[in-house]
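S.K.: So here's query_30.tsv (TSV, C-alpha atoms).
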```
chain	number	residue	atom	x	y	z
A	6	MET	CA	-48.25	34.18	61.20
A	7	LYS	CA	-49.89	34.20	57.76
A	8	LYS	CA	-51.96	31.12	58.67
A	9	ASN	CA	-53.24	32.86	61.81
A	10	LEU	CA	-54.16	35.94	59.78
A	11	LYS	CA	-56.06	33.81	57.26
A	12	LYS	CA	-57.82	32.00	60.10
A	13	TYR	CA	-59.15	35.21	61.60
A	14	ALA	CA	-59.66	37.13	58.35
A	15	LEU	CA	-63.33	36.18	57.89
A	16	PRO	CA	-64.45	36.80	61.50
A	17	LEU	CA	-62.53	40.09	61.49
A	18	SER	CA	-64.17	41.15	58.22
A	19	ILE	CA	-67.62	40.30	59.61
A	20	ALA	CA	-66.87	42.34	62.72
A	21	ILE	CA	-65.74	45.30	60.58
A	22	CYS	CA	-68.98	45.10	58.56
A	23	ILE	CA	-71.09	45.05	61.74
A	24	GLY	CA	-69.12	48.03	63.04
A	25	THR	CA	-69.65	49.85	59.73
A	26	ILE	CA	-73.40	49.21	59.89
A	27	TYR	CA	-73.48	50.50	63.47
A	28	LEU	CA	-71.43	53.66	62.90
A	29	CYS	CA	-73.20	54.60	59.68
A	30	THR	CA	-76.58	54.18	61.38
A	31	LEU	CA	-75.48	56.88	63.84
A	32	THR	CA	-74.33	59.18	61.02
A	33	GLY	CA	-76.56	61.62	59.16
A	34	ILE	CA	-77.57	65.20	58.53
A	35	THR	CA	-79.98	65.21	61.49
A	36	THR	CA	-78.03	65.31	64.75
A	37	ILE	CA	-78.98	62.59	67.21
A	38	SER	CA	-76.73	62.13	70.23
A	39	PHE	CA	-74.61	58.99	70.52
A	40	GLY	CA	-76.33	58.03	73.77
A	41	ASP	CA	-79.85	58.50	72.42
A	42	ALA	CA	-79.07	56.51	69.28
A	43	ASN	CA	-77.72	53.62	71.36
A	44	LYS	CA	-80.78	53.68	73.64
A	45	ILE	CA	-83.06	53.51	70.58
A	46	LEU	CA	-81.16	50.56	69.09
A	47	LEU	CA	-81.08	48.66	72.39
A	48	ASN	CA	-84.79	49.24	72.89
A	49	GLN	CA	-85.82	48.27	69.36
A	50	ILE	CA	-83.53	45.26	68.96
A	51	PHE	CA	-83.23	43.84	72.49
A	52	HIS	CA	-86.25	45.55	74.16
A	53	ILE	CA	-83.96	47.08	76.77
A	54	ASN	CA	-85.34	50.38	78.09
A	55	LEU	CA	-82.61	52.73	79.36
A	56	GLY	CA	-84.68	55.90	79.43
A	57	MET	CA	-86.72	55.98	76.23
A	58	GLU	CA	-89.21	58.38	77.81
A	59	ASN	CA	-86.66	61.18	77.34
A	60	ILE	CA	-86.27	60.53	73.60
A	61	ASN	CA	-88.77	61.99	71.14
A	62	GLU	CA	-90.55	59.82	68.58
A	63	GLY	CA	-88.88	61.64	65.68
A	64	ALA	CA	-85.41	60.47	66.72
A	65	THR	CA	-86.67	56.91	67.12
A	66	ALA	CA	-88.24	57.00	63.65
A	67	ILE	CA	-85.04	58.36	62.08
A	68	ILE	CA	-82.80	55.68	63.61
A	69	TRP	CA	-85.11	52.66	63.36
A	70	ASN	CA	-87.29	53.35	60.32
A	71	VAL	CA	-84.96	55.44	58.13
A	72	ARG	CA	-81.26	54.94	58.79
A	73	LEU	CA	-80.96	51.33	59.95
A	74	PRO	CA	-83.04	49.72	57.17
A	75	ARG	CA	-81.29	51.93	54.63
A	76	VAL	CA	-77.86	50.89	55.88
A	77	ILE	CA	-78.83	47.20	55.91
A	78	LEU	CA	-80.28	47.51	52.39
A	79	ALA	CA	-77.03	49.16	51.27
A	80	PHE	CA	-75.09	46.20	52.69
A	81	LEU	CA	-77.35	43.66	50.98
A	82	THR	CA	-77.27	45.56	47.68
A	83	GLY	CA	-73.51	46.05	47.66
A	84	GLY	CA	-72.90	42.45	48.72
A	85	ALA	CA	-75.28	41.11	46.05
A	86	LEU	CA	-73.74	43.17	43.24
A	87	ALA	CA	-70.19	42.20	44.26
A	88	LEU	CA	-71.23	38.54	44.52
A	89	CYS	CA	-72.75	38.58	41.03
A	90	GLY	CA	-69.75	40.44	39.64
A	91	ALA	CA	-67.38	37.79	41.00
A	92	ALA	CA	-69.56	35.03	39.53
A	93	TYR	CA	-69.77	36.65	36.09
A	94	GLN	CA	-66.04	37.31	35.98
A	95	GLY	CA	-65.44	33.63	36.80
A	96	ILE	CA	-67.90	32.28	34.23
A	97	PHE	CA	-66.91	34.67	31.43
A	98	LYS	CA	-63.19	34.68	32.37
A	99	ASN	CA	-63.39	38.41	31.68
A	100	PRO	CA	-62.12	40.98	34.23
A	101	MET	CA	-64.48	43.62	32.77
A	102	ALA	CA	-67.65	41.59	33.43
A	103	ASP	CA	-70.15	43.06	35.90
A	104	PRO	CA	-73.73	42.25	37.01
A	105	TYR	CA	-75.24	44.42	34.26
A	106	ILE	CA	-73.33	42.94	31.34
A	107	LEU	CA	-76.28	40.88	30.03
A	108	GLY	CA	-78.59	43.88	29.73
A	109	VAL	CA	-80.34	43.35	33.08
A	110	SER	CA	-79.99	47.03	33.97
A	111	SER	CA	-81.38	48.16	30.61
A	112	GLY	CA	-84.40	45.90	30.99
A	113	ALA	CA	-84.99	47.18	34.50
A	114	ALA	CA	-84.59	50.80	33.40
A	115	LEU	CA	-87.10	50.37	30.58
A	116	GLY	CA	-89.59	48.66	32.89
A	117	ALA	CA	-89.17	51.35	35.54
A	118	SER	CA	-89.52	54.10	32.91
A	119	ILE	CA	-92.81	52.61	31.71
A	120	GLY	CA	-94.03	52.48	35.31
A	121	ILE	CA	-93.03	56.09	35.97
A	122	VAL	CA	-94.63	57.37	32.75
A	123	MET	CA	-97.85	55.44	33.41
A	124	ASN	CA	-97.90	56.46	37.11
A	125	PHE	CA	-98.22	52.79	37.96
A	126	SER	CA	-98.68	52.89	41.73
A	127	SER	CA	-100.02	49.41	42.53
A	128	ASN	CA	-98.36	47.54	45.38
A	129	PHE	CA	-97.57	43.85	45.61
A	130	LEU	CA	-95.73	42.19	48.51
A	131	GLY	CA	-94.31	45.52	49.63
A	132	SER	CA	-93.08	46.60	46.19
A	133	ASN	CA	-94.50	49.53	44.27
A	134	GLY	CA	-95.51	49.36	40.62
A	135	VAL	CA	-92.25	50.82	39.32
A	136	ALA	CA	-90.19	48.16	41.17
A	137	ILE	CA	-92.47	45.38	39.89
A	138	LEU	CA	-92.11	46.52	36.27
A	139	ALA	CA	-88.34	46.95	36.73
A	140	PHE	CA	-88.03	43.37	37.97
A	141	GLY	CA	-90.24	42.14	35.14
A	142	GLY	CA	-88.16	44.01	32.57
A	143	SER	CA	-84.96	42.51	33.96
A	144	PHE	CA	-86.33	38.97	33.99
A	145	LEU	CA	-87.68	39.18	30.44
A	146	THR	CA	-84.34	40.57	29.27
A	147	ILE	CA	-82.50	37.61	30.80
A	148	LEU	CA	-84.78	35.15	29.00
A	149	LEU	CA	-84.46	37.02	25.70
A	150	VAL	CA	-80.66	37.22	25.81
A	151	TYR	CA	-80.35	33.56	26.80
A	152	ASN	CA	-82.65	32.31	24.05
A	153	ILE	CA	-80.97	34.44	21.39
A	154	SER	CA	-77.55	33.12	22.46
A	155	ARG	CA	-78.45	29.45	22.72
A	156	VAL	CA	-77.07	27.15	20.04
A	157	GLY	CA	-78.78	23.80	20.53
A	158	ARG	CA	-78.19	22.91	24.17
A	159	LYS	CA	-75.09	25.07	24.47
A	160	VAL	CA	-74.67	28.77	25.20
A	161	PRO	CA	-71.37	30.13	23.85
A	162	VAL	CA	-70.00	32.76	26.24
A	163	ALA	CA	-68.94	35.16	23.47
A	164	THR	CA	-72.41	35.03	21.87
A	165	LEU	CA	-74.03	35.58	25.26
A	166	LEU	CA	-71.94	38.68	25.89
A	167	LEU	CA	-72.61	40.13	22.46
A	168	SER	CA	-76.34	39.41	22.75
A	169	GLY	CA	-76.43	41.10	26.15
A	170	ILE	CA	-74.71	44.21	24.79
A	171	ALA	CA	-76.97	44.38	21.71
A	172	ILE	CA	-80.22	43.89	23.64
A	173	GLY	CA	-79.06	46.34	26.32
A	174	GLN	CA	-78.39	49.03	23.73
A	175	SER	CA	-81.76	48.45	22.05
A	176	LEU	CA	-83.66	48.67	25.33
A	177	GLY	CA	-81.70	51.80	26.24
A	178	ALA	CA	-82.83	53.38	22.98
A	179	PHE	CA	-86.48	52.64	23.79
A	180	MET	CA	-86.03	54.20	27.23
A	181	SER	CA	-84.54	57.33	25.61
A	182	LEU	CA	-87.59	57.58	23.34
A	183	LEU	CA	-89.87	57.38	26.36
A	184	MET	CA	-87.96	60.21	28.00
A	185	ILE	CA	-88.11	62.37	24.86
A	186	PHE	CA	-91.89	62.03	24.56
A	187	ASN	CA	-92.52	62.37	28.31
A	188	ASN	CA	-90.55	65.40	29.47
A	189	ASP	CA	-92.54	65.64	32.71
A	190	SER	CA	-91.21	62.26	33.82
A	191	MET	CA	-87.62	62.74	32.63
A	192	THR	CA	-86.20	63.93	35.97
A	193	GLN	CA	-87.75	61.05	37.88
A	194	ILE	CA	-86.48	58.50	35.35
A	195	ILE	CA	-82.95	59.94	35.42
A	196	PHE	CA	-82.91	59.89	39.23
A	197	TRP	CA	-84.04	56.23	39.23
A	198	VAL	CA	-81.39	55.28	36.67
A	199	MET	CA	-78.69	56.89	38.83
A	200	GLY	CA	-79.56	54.55	41.70
A	201	SER	CA	-80.62	55.66	45.15
A	202	LEU	CA	-81.48	54.22	48.55
A	203	ASN	CA	-83.48	57.28	49.52
A	204	GLY	CA	-86.88	56.46	50.98
A	205	LYS	CA	-86.17	52.72	51.23
A	206	GLY	CA	-87.24	50.84	54.35
A	207	TRP	CA	-87.77	47.44	55.90
A	208	ASP	CA	-90.08	46.31	53.07
A	209	GLN	CA	-87.23	46.55	50.55
A	210	VAL	CA	-84.85	44.81	52.98
A	211	LEU	CA	-87.24	41.86	53.32
A	212	ILE	CA	-87.66	41.65	49.53
A	213	VAL	CA	-83.92	41.66	48.72
A	214	LEU	CA	-82.72	39.51	51.66
A	215	PRO	CA	-83.95	36.09	50.39
A	216	TYR	CA	-82.33	36.63	46.98
A	217	VAL	CA	-78.98	37.48	48.58
A	218	VAL	CA	-79.10	34.51	50.99
A	219	ILE	CA	-80.09	32.03	48.26
A	220	GLY	CA	-77.48	33.52	45.92
A	221	CYS	CA	-74.74	33.09	48.51
A	222	VAL	CA	-75.74	29.45	49.07
A	223	ILE	CA	-75.72	28.73	45.31
A	224	MET	CA	-72.32	30.39	44.82
A	225	LEU	CA	-70.72	28.73	47.86
A	226	THR	CA	-71.89	25.29	46.68
A	227	SER	CA	-70.39	26.01	43.24
A	228	VAL	CA	-66.95	27.31	44.24
A	229	ARG	CA	-65.08	24.15	43.20
A	230	GLU	CA	-66.64	24.14	39.71
A	231	LEU	CA	-66.05	27.89	39.32
A	232	ASP	CA	-62.36	27.40	40.17
A	233	ILE	CA	-62.07	24.63	37.58
A	234	MET	CA	-63.85	26.82	34.97
A	235	LEU	CA	-60.96	29.27	35.23
A	236	LEU	CA	-58.87	26.64	33.43
A	237	GLY	CA	-61.18	26.83	30.40
A	238	GLU	CA	-64.40	25.09	29.42
A	239	GLU	CA	-62.70	22.23	27.58
A	240	THR	CA	-60.43	21.41	30.53
A	241	ALA	CA	-63.34	21.75	32.98
A	242	THR	CA	-65.40	19.30	30.92
A	243	GLN	CA	-62.53	16.81	30.91
A	244	LEU	CA	-62.34	17.13	34.70
A	245	GLY	CA	-65.99	16.19	35.06
A	246	VAL	CA	-67.70	19.59	35.31
A	247	ASP	CA	-71.01	19.98	33.49
A	248	THR	CA	-70.12	23.41	32.16
A	249	GLU	CA	-73.47	24.12	30.52
A	250	ALA	CA	-75.42	23.29	33.67
A	251	LEU	CA	-73.02	25.40	35.73
A	252	LYS	CA	-73.38	28.36	33.35
A	253	LYS	CA	-77.17	28.15	33.49
A	254	LYS	CA	-77.17	27.95	37.29
A	255	ILE	CA	-74.78	30.87	37.78
A	256	LEU	CA	-76.19	33.07	35.03
A	257	PHE	CA	-79.84	32.73	36.02
A	258	SER	CA	-79.26	32.97	39.78
A	259	SER	CA	-76.94	35.98	39.41
A	260	SER	CA	-79.29	37.69	36.99
A	261	LEU	CA	-82.30	37.20	39.26
A	262	ILE	CA	-80.36	38.56	42.24
A	263	THR	CA	-79.32	41.58	40.18
A	264	ALA	CA	-82.89	42.06	38.94
A	265	ALA	CA	-84.23	42.05	42.51
A	266	VAL	CA	-81.61	44.53	43.68
A	267	VAL	CA	-82.06	46.87	40.71
A	268	ALA	CA	-85.85	46.80	41.12
A	269	ALA	CA	-85.43	47.93	44.74
A	270	THR	CA	-82.67	50.52	44.40
A	271	GLY	CA	-82.22	51.48	40.75
A	272	ILE	CA	-78.96	51.05	38.86
A	273	ILE	CA	-75.89	51.34	41.10
A	274	GLY	CA	-72.85	50.89	38.91
A	275	PHE	CA	-69.26	49.76	39.37
A	276	VAL	CA	-69.73	47.90	42.69
A	277	GLY	CA	-69.88	44.54	40.93
A	278	LEU	CA	-66.88	45.47	38.81
A	279	ILE	CA	-64.36	46.91	41.25
A	280	VAL	CA	-65.02	45.04	44.51
A	281	PRO	CA	-64.26	41.50	43.21
A	282	HIS	CA	-60.99	42.80	41.77
A	283	ILE	CA	-59.97	44.40	45.05
A	284	VAL	CA	-60.87	41.21	46.94
A	285	ARG	CA	-59.02	39.07	44.39
A	286	MET	CA	-55.88	41.16	44.92
A	287	ILE	CA	-56.10	40.47	48.68
A	288	THR	CA	-57.36	36.88	48.91
A	289	GLY	CA	-56.37	35.40	45.56
A	290	PRO	CA	-58.57	33.96	42.78
A	291	LYS	CA	-60.08	30.97	44.62
A	292	HIS	CA	-63.85	31.36	44.83
A	293	ARG	CA	-64.02	29.75	48.27
A	294	THR	CA	-62.58	32.98	49.68
A	295	LEU	CA	-63.53	35.32	46.84
A	296	VAL	CA	-67.30	34.79	47.24
A	297	PRO	CA	-67.74	35.52	50.99
A	298	PHE	CA	-65.21	38.37	51.05
A	299	SER	CA	-66.81	39.95	47.96
A	300	VAL	CA	-70.16	40.01	49.76
A	301	LEU	CA	-68.63	41.58	52.89
A	302	PHE	CA	-66.43	44.11	51.08
A	303	GLY	CA	-69.19	45.00	48.61
A	304	GLY	CA	-71.68	45.57	51.41
A	305	ALA	CA	-69.28	47.73	53.44
A	306	PHE	CA	-68.25	49.70	50.35
A	307	LEU	CA	-71.82	50.61	49.42
A	308	ILE	CA	-72.71	51.51	53.01
A	309	LEU	CA	-69.83	54.00	53.08
A	310	CYS	CA	-70.77	55.40	49.66
A	311	ASP	CA	-74.42	55.81	50.66
A	312	THR	CA	-73.51	57.44	53.97
A	313	LEU	CA	-71.36	59.89	52.03
A	314	ALA	CA	-74.23	60.48	49.58
A	315	ARG	CA	-76.73	61.39	52.30
A	316	SER	CA	-74.42	63.22	54.69
A	317	VAL	CA	-72.21	65.54	52.62
A	318	THR	CA	-74.87	68.10	51.69
A	319	SER	CA	-78.49	68.85	52.59
A	320	GLN	CA	-79.40	67.88	49.00
A	321	GLU	CA	-78.96	64.11	48.78
A	322	ILE	CA	-76.71	62.79	46.02
A	323	PRO	CA	-77.77	59.53	44.28
A	324	VAL	CA	-75.44	56.82	45.53
A	325	GLY	CA	-74.81	55.68	41.94
A	326	VAL	CA	-73.00	58.97	41.38
A	327	ILE	CA	-70.67	58.26	44.32
A	328	THR	CA	-69.89	54.69	43.21
A	329	ALA	CA	-69.24	55.93	39.66
A	330	ALA	CA	-66.84	58.56	41.01
A	331	PHE	CA	-64.80	55.79	42.63
A	332	GLY	CA	-65.40	53.18	39.92
A	333	GLY	CA	-64.53	55.27	36.87
A	334	PRO	CA	-60.86	55.79	37.76
A	335	PHE	CA	-60.55	52.15	38.84
A	336	PHE	CA	-62.01	51.00	35.51
A	337	VAL	CA	-59.36	53.08	33.68
A	338	TYR	CA	-56.73	51.43	35.90
A	339	LEU	CA	-58.02	47.98	34.88
A	340	LEU	CA	-57.89	48.90	31.21
A	341	ARG	CA	-54.31	50.15	31.50
A	342	LYS	CA	-53.26	47.07	33.43
A	343	ARG	CA	-54.86	44.79	30.85
A	344	LYS	CA	-53.12	46.70	28.07
A	345	LYS	CA	-49.81	45.99	29.77
A	346	GLY	CA	-50.70	42.32	30.07
A	347	GLY	CA	-51.38	42.33	33.78
A	348	LEU	CA	-54.92	40.93	33.53
```
Let me see the file written as structure tokens.
M.R.:
Amino acid sequence: MKKNLKKYALPLSIAICIGTIYLCTLTGITTISFGDANKILLNQIFHINLGMENINEGATAIIWNVRLPRVILAFLTGGALALCGAAYQGIFKNPMADPYILGVSSGAALGASIGIVMNFSSNFLGSNGVAILAFGGSFLTILLVYNISRVGRKVPVATLLLSGIAIGQSLGAFMSLLMIFNNDSMTQIIFWVMGSLNGKGWDQVLIVLPYVVIGCVIMLTSVRELDIMLLGEETATQLGVDTEALKKKILFSSSLITAAVVAATGIIGFVGLIVPHIVRMITGPKHRTLVPFSVLFGGAFLILCDTLARSVTSQEIPVGVITAAFGGPFFVYLLRKRKKGGL
């Protein structure tokens, strides 16, 4: 019985995610009938016309250009953050590791803040100036943290973590100074830092999608080495794993994925922390199952959080607030469990 359940677990999870995407596309403040929404989706995706002449253009725009790309972006963002969280927790052997632990979010926030203050509105490959500067800030932060931490050809994990925390705090201080001296931009900066999918469309989906796909391929081809790394770096080296090469591959790929996601959506916290733990409790610690299920669970989780954020009240709530509301208590739970020796 258990073998049959394991056999169908992945297809069932994929089906649940597709169902979540579908149902959340139909959900929103603006009321669009179930039948009309289905006609719009069938027409736009499969070019099947079941009476589109009776549906106004506004409803079509809401379903196809607003809700569906937003829901898909939520899935990609949540899946990417959960994927990176699982990878970092495996590399660092630290249950508290998340995609922002190396200061990527602080670099992105500073870059975005500079763009907001300067009213940088240039566009490049579908991204606005703020997103471009956010990505640039994240990437430069990764390089800075890595080079500070490197000792010869090796990068000690403890030094990397401490460098990430130190650089993150420093960049956060610079962002605070920008906010103090630019009161007019403070609200916009705060809203960006909270993380939101509001106003995102197909352009952002197409930007984030390649990073997520490539990230999944890299992680899935590294699952054996990641499992061995759980035994410790010395043991992994004795078993033939090039630990330094693996760390570089995972750290840089995960950081770039996180940078791309943060540039598109702002900082959405706790997804990369809590989802891998929940998945690990269900599937076990092996990365062969942890990686794909983290992507699926993370994507579904963020879709539900974003749907809640845009549907509860007429005033949209930043989705980062919703994920923090769920993630905060879970983080306390992790701390208590670790204190008792359970982690």
S.K.: Pick out the residues sitting within 12 Å of Phe257 in chain A, and hand them over as a PyMOL selection string; count only C-alpha atoms, and ignore anything fewer than 5 positions along from it in its own chain.
M.R.: chain A and resi 89+92-93+104+107+109+143-148+150-151+216+220+223-224+250-252+262-264
S.K.: Using only C-alpha atoms, pick whichever of A:Ser260, A:Thr270, A:Ser190, A:Gln94 has the shortest atom-to-atom distance to Leu295 in chain A.
M.R.: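 The shortest atom-to-atom distance to Leu295 in chain A comes from A:Gln94.
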S.K.: Please return as a CSV table (one decimal) with C-alpha atoms, in the frame of the given file every residue within 9 Å of (-70.3, 36.1, 44.1), taking into account all atoms listed in the file and the file's own coordinates.
M.R.:
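selection_13.csv written:
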```csv
chain,number,residue,atom,x,y,z
A,84,GLY,CA,-72.9,42.4,48.7
A,85,ALA,CA,-75.3,41.1,46.0
A,86,LEU,CA,-73.7,43.2,43.2
A,87,ALA,CA,-70.2,42.2,44.3
A,88,LEU,CA,-71.2,38.5,44.5
A,89,CYS,CA,-72.8,38.6,41.0
A,90,GLY,CA,-69.8,40.4,39.6
A,91,ALA,CA,-67.4,37.8,41.0
A,92,ALA,CA,-69.6,35.0,39.5
A,93,TYR,CA,-69.8,36.6,36.1
A,220,GLY,CA,-77.5,33.5,45.9
A,221,CYS,CA,-74.7,33.1,48.5
A,224,MET,CA,-72.3,30.4,44.8
A,225,LEU,CA,-70.7,28.7,47.9
A,259,SER,CA,-76.9,36.0,39.4
A,281,PRO,CA,-64.3,41.5,43.2
A,292,HIS,CA,-63.8,31.4,44.8
A,295,LEU,CA,-63.5,35.3,46.8
A,296,VAL,CA,-67.3,34.8,47.2
A,297,PRO,CA,-67.7,35.5,51.0
A,298,PHE,CA,-65.2,38.4,51.0
A,299,SER,CA,-66.8,40.0,48.0
A,300,VAL,CA,-70.2,40.0,49.8
```
S.K.: Mind checking which residues fall within 6 Å of Ile308 in chain A, counting all atoms listed in the file, ignoring those fewer than 5 positions away in the same chain, and posting them as a list in words?
M.R.: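 Neighbouring residues, sequence-local ones excluded: Val76, Ala79 and Phe80 of chain A.
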S.K.: Tell me, counting only C-alpha atoms, for each residue of range 260-302 of chain A within 12 Å of range 96-100 of chain A, which pair of atoms is nearest and how far apart they are in Å to one decimal, in rows ordered by chain and increasing number, as CSV.
M.R.:
```
residue,atom,partner,partner_atom,distance
A:Gly277,CA,A:Pro100,CA,10.9
A:Leu278,CA,A:Pro100,CA,8.0
A:Ile279,CA,A:Pro100,CA,9.5
A:Val280,CA,A:Pro100,CA,11.4
A:Pro281,CA,A:Pro100,CA,9.2
A:His282,CA,A:Pro100,CA,7.8
A:Ile283,CA,A:Pro100,CA,11.5
A:Arg285,CA,A:Pro100,CA,10.8
A:Pro290,CA,A:Lys98,CA,11.4
A:His292,CA,A:Ile96,CA,11.4
```
S.K.: Could you list, as a list in words, every residue within 10 Å of Ile273 in chain A, counting all atoms listed in the file and ignoring same-chain residues fewer than 2 positions away?
M.R.: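 Counting only the stated atoms, we get Thr82, Gly83, Leu86, Tyr105, Ser110, Trp197, Val198, Met199, Gly200, Ser201, Leu202, Val266, Val267, Thr270, Gly271, Phe275, Val276, Gly277, Leu307, Pro323, Val324, Gly325, Val326, Ile327, Thr328 and Ala329 of chain A.
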S.K.: One decimal, in Å: what's the spacing between CA of Phe39 in chain A and CA of Leu313 in chain A?
M.R.: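 We find that CA of Phe39 in chain A and CA of Leu313 in chain A lie 18.8 Å from each other.
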S.K.: Which one is closest to Lys205 in chain A: A:Asn70, A:Thr318, A:Thr65, A:Thr240? Count only C-alpha atoms.
M.R.: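 Ranked by minimum distance to Lys205 in chain A, first place goes to A:Asn70.
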S.K.: When you draw a straight line from CA of Ile287 in chain A to CA of Ile272 in chain A, how long is it in Å?
M.R.: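 Those two atoms sit 27.0 Å apart.
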S.K.: Just to confirm, what's the straight-line distance from CA of Pro334 in chain A to CA of Val284 in chain A in Å (one decimal)?
M.R.: 17.2 Å
S.K.: Of the candidates A:Met57, A:Ile26, A:Ala64, A:Ile119, which shows the shortest atom-to-atom distance to Phe186 in chain A, using only C-alpha atoms?
M.R.: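 For Phe186 in chain A, the nearest of the candidates is A:Ile119.
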S.K.: Extract range 120-175 of chain A from the structure I just pasted (atoms: C-alpha atoms) and return it as an mmCIF file, in the first residue's frame.
M.R.:
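Below you can see decode.cif, which holds the result:
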```
data_model
loop_
_atom_site.group_PDB
_atom_site.id
_atom_site.type_symbol
_atom_site.label_atom_id
_atom_site.label_comp_id
_atom_site.auth_asym_id
_atom_site.auth_seq_id
_atom_site.Cartn_x
_atom_site.Cartn_y
_atom_site.Cartn_z
ATOM 1 C CA GLY A 120 15.818 52.709 -8.513
ATOM 2 C CA ILE A 121 12.705 53.995 -6.731
ATOM 3 C CA VAL A 122 14.467 57.097 -5.388
ATOM 4 C CA MET A 123 15.987 57.895 -8.797
ATOM 5 C CA ASN A 124 12.687 57.167 -10.620
ATOM 6 C CA PHE A 125 14.630 54.816 -12.853
ATOM 7 C CA SER A 126 11.989 53.781 -15.386
ATOM 8 C CA SER A 127 14.046 52.271 -18.216
ATOM 9 C CA ASN A 128 12.935 48.900 -19.542
ATOM 10 C CA PHE A 129 15.087 45.988 -20.656
ATOM 11 C CA LEU A 130 13.756 42.600 -21.798
ATOM 12 C CA GLY A 131 10.413 43.245 -20.128
ATOM 13 C CA SER A 132 11.862 44.353 -16.784
ATOM 14 C CA ASN A 133 11.557 47.860 -15.412
ATOM 15 C CA GLY A 134 14.471 49.821 -13.994
ATOM 16 C CA VAL A 135 13.710 48.948 -10.371
ATOM 17 C CA ALA A 136 13.753 45.194 -11.145
ATOM 18 C CA ILE A 137 17.016 45.546 -13.094
ATOM 19 C CA LEU A 138 18.739 47.356 -10.211
ATOM 20 C CA ALA A 139 17.310 44.837 -7.719
ATOM 21 C CA PHE A 140 18.780 41.949 -9.721
ATOM 22 C CA GLY A 141 22.083 43.781 -10.052
ATOM 23 C CA GLY A 142 22.198 44.459 -6.312
ATOM 24 C CA SER A 143 21.546 40.797 -5.557
ATOM 25 C CA PHE A 144 24.197 39.553 -7.972
ATOM 26 C CA LEU A 145 26.858 41.951 -6.694
ATOM 27 C CA THR A 146 26.036 40.932 -3.118
ATOM 28 C CA ILE A 147 26.551 37.262 -3.982
ATOM 29 C CA LEU A 148 29.966 38.003 -5.497
ATOM 30 C CA LEU A 149 30.974 40.173 -2.533
ATOM 31 C CA VAL A 150 29.950 37.622 0.103
ATOM 32 C CA TYR A 151 31.642 34.784 -1.782
ATOM 33 C CA ASN A 152 34.935 36.638 -2.232
ATOM 34 C CA ILE A 153 35.019 37.782 1.394
ATOM 35 C CA SER A 154 34.418 34.200 2.568
ATOM 36 C CA ARG A 155 36.897 32.468 0.281
ATOM 37 C CA VAL A 156 40.043 31.101 1.889
ATOM 38 C CA GLY A 157 42.311 30.037 -0.955
ATOM 39 C CA ARG A 158 40.208 27.711 -3.092
ATOM 40 C CA LYS A 159 37.884 26.789 -0.249
ATOM 41 C CA VAL A 160 34.791 28.499 1.123
ATOM 42 C CA PRO A 161 34.120 27.548 4.758
ATOM 43 C CA VAL A 162 30.368 27.328 5.356
ATOM 44 C CA ALA A 163 30.493 29.106 8.722
ATOM 45 C CA THR A 164 32.456 32.027 7.242
ATOM 46 C CA LEU A 165 30.029 32.220 4.319
ATOM 47 C CA LEU A 166 27.051 32.445 6.654
ATOM 48 C CA LEU A 167 28.649 35.086 8.847
ATOM 49 C CA SER A 168 29.722 37.123 5.812
ATOM 50 C CA GLY A 169 26.202 36.948 4.406
ATOM 51 C CA ILE A 170 24.703 38.178 7.677
ATOM 52 C CA ALA A 171 27.252 41.003 8.035
ATOM 53 C CA ILE A 172 26.903 42.233 4.442
ATOM 54 C CA GLY A 173 23.118 41.930 4.648
ATOM 55 C CA GLN A 174 22.990 44.092 7.759
ATOM 56 C CA SER A 175 25.291 46.705 6.203
#
```
